[in-house]
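Please read the structure below before turning to the comments.
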Amino acid sequence: MALSSISVFKGLGIIFFSERDQGSLIFFVVSPSSKFKVMLKKMPFHIIDALTTVILGLAVSFCFLKLDPSITASLFAHMTIGVLALSSFGMTVAALGLLMRDINMLLGVAEMMVFILSVQVFL
C-alpha cells in the first residue's frame with residue numbers, strides 16, 4: 001500500500017507543478033472549461049498504476065505468505081478504497097500547491113502525515 005500511495009500521491013501532486021514549469025498552467029487557469037473535468041481526465045493513469053501495484057503486491061504476498069483467498073479479496077477491496085481516497089487527497093494537495101512556489105515540500109509533509117496516520121491504525 002505504501003508503494004501505491006507514493007505513486008498516486010506524488011504522481012497527482014506533480015501534475016500542476018509540471019504544468020507551471022512547462023508554462024501551460026496559465027492556459028489551464030484561464031480556459032472556460034471546467035477545471036474539475038480537466039483534473040478528472042488526468043487521474044485515471046495514476047489510479048491504474050497504483051491499483052496495478054496493489055495487485056502485484058497482493059499476488060506476491062498470496063504466493064509467498066500463503067494467504068487465504070478470502071482475506072486477499074477483502075484486502076484488495078480495502079486497498080482500492082484507500083487508493084481512491086489517496087488520489088482525491090493528492091489532487092487536493094496539488095490544488096493547494098498552486099499557491100506555493102515549490103510543491104515538493106508540501107507533498108513531503110502531506111505524505112508523511114498519511115504514513116503516520118496509517119501506522120497509527122496498526123498500533
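Labels used: A, B, ... for chains in the order of the C-alpha cells, numbers from 1 for residues in each chain, and numbers from 1 for ligands as shown.
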Env of Ile55 of chain A: 12 Å cut, atoms = only C-alpha atoms, seq-sep filter 4 positions within chain, self excluded. Answer as a PyMOL selection string. chain A and resi 1+3-4+48-51+59-62+72-73+75-77+79-80+83
Can you pull out every residue within 8 Å of segment 38-44 of chain A, counting only C-alpha atoms, but drop anything in the same chain fewer than 5 positions away, and send it as JSON, numbers by chain? {"A": [12, 33, 87, 91]}
Would you mind exporting the chosen residues as a PDB file, in the first residue's frame, restricted to N, CA and C atoms?
ATOM      1  N   LEU A  12      -0.021  12.537  -8.823  1.00  0.00           N
ATOM      2  CA  LEU A  12      -1.063  13.544  -8.955  1.00  0.00           C
ATOM      3  C   LEU A  12      -0.609  14.898  -8.431  1.00  0.00           C
ATOM      4  N   SER A  33     -13.301  25.851 -19.837  1.00  0.00           N
ATOM      5  CA  SER A  33     -13.767  24.508 -19.490  1.00  0.00           C
ATOM      6  C   SER A  33     -13.696  24.295 -17.979  1.00  0.00           C
ATOM      7  N   SER A  87      -5.928   9.302  -3.879  1.00  0.00           N
ATOM      8  CA  SER A  87      -5.885  10.078  -5.123  1.00  0.00           C
ATOM      9  C   SER A  87      -6.652  11.383  -4.969  1.00  0.00           C
ATOM     10  N   MET A  91      -4.968  15.127  -5.178  1.00  0.00           N
ATOM     11  CA  MET A  91      -5.448  16.235  -6.015  1.00  0.00           C
ATOM     12  C   MET A  91      -5.717  17.478  -5.178  1.00  0.00           C
TER      13      MET A  91
END
Distance criterion (only C-alpha atoms): nearest to Glu19 of chain A out of A:Phe36, A:Leu98, A:Ala85, A:Val119: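 Answer, going by the shortest atom-to-atom distance: A:Leu98.
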Contacts of Phe89 of chain A at 12 Å or less, counting only C-alpha atoms, minus same-chain residues fewer than 4 places along, as a list in words?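 My reading of the contact set: Ser5, Val8, Phe9, Lys10, Gly11, Leu12, Gly13, Met43, Gly82, Val83, Leu84, Ala85, Val93, Ala94, Ala95, Leu96, Leu107, Ala110, Glu111, Met113 and Val114 of chain A.
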Under the rule that only C-alpha atoms are counted, which of A:Leu117, A:His78, A:Ile71, A:Ile103 is the nearest residue to Phe16 of chain A?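 Answer, going by the shortest atom-to-atom distance: A:Ile103.
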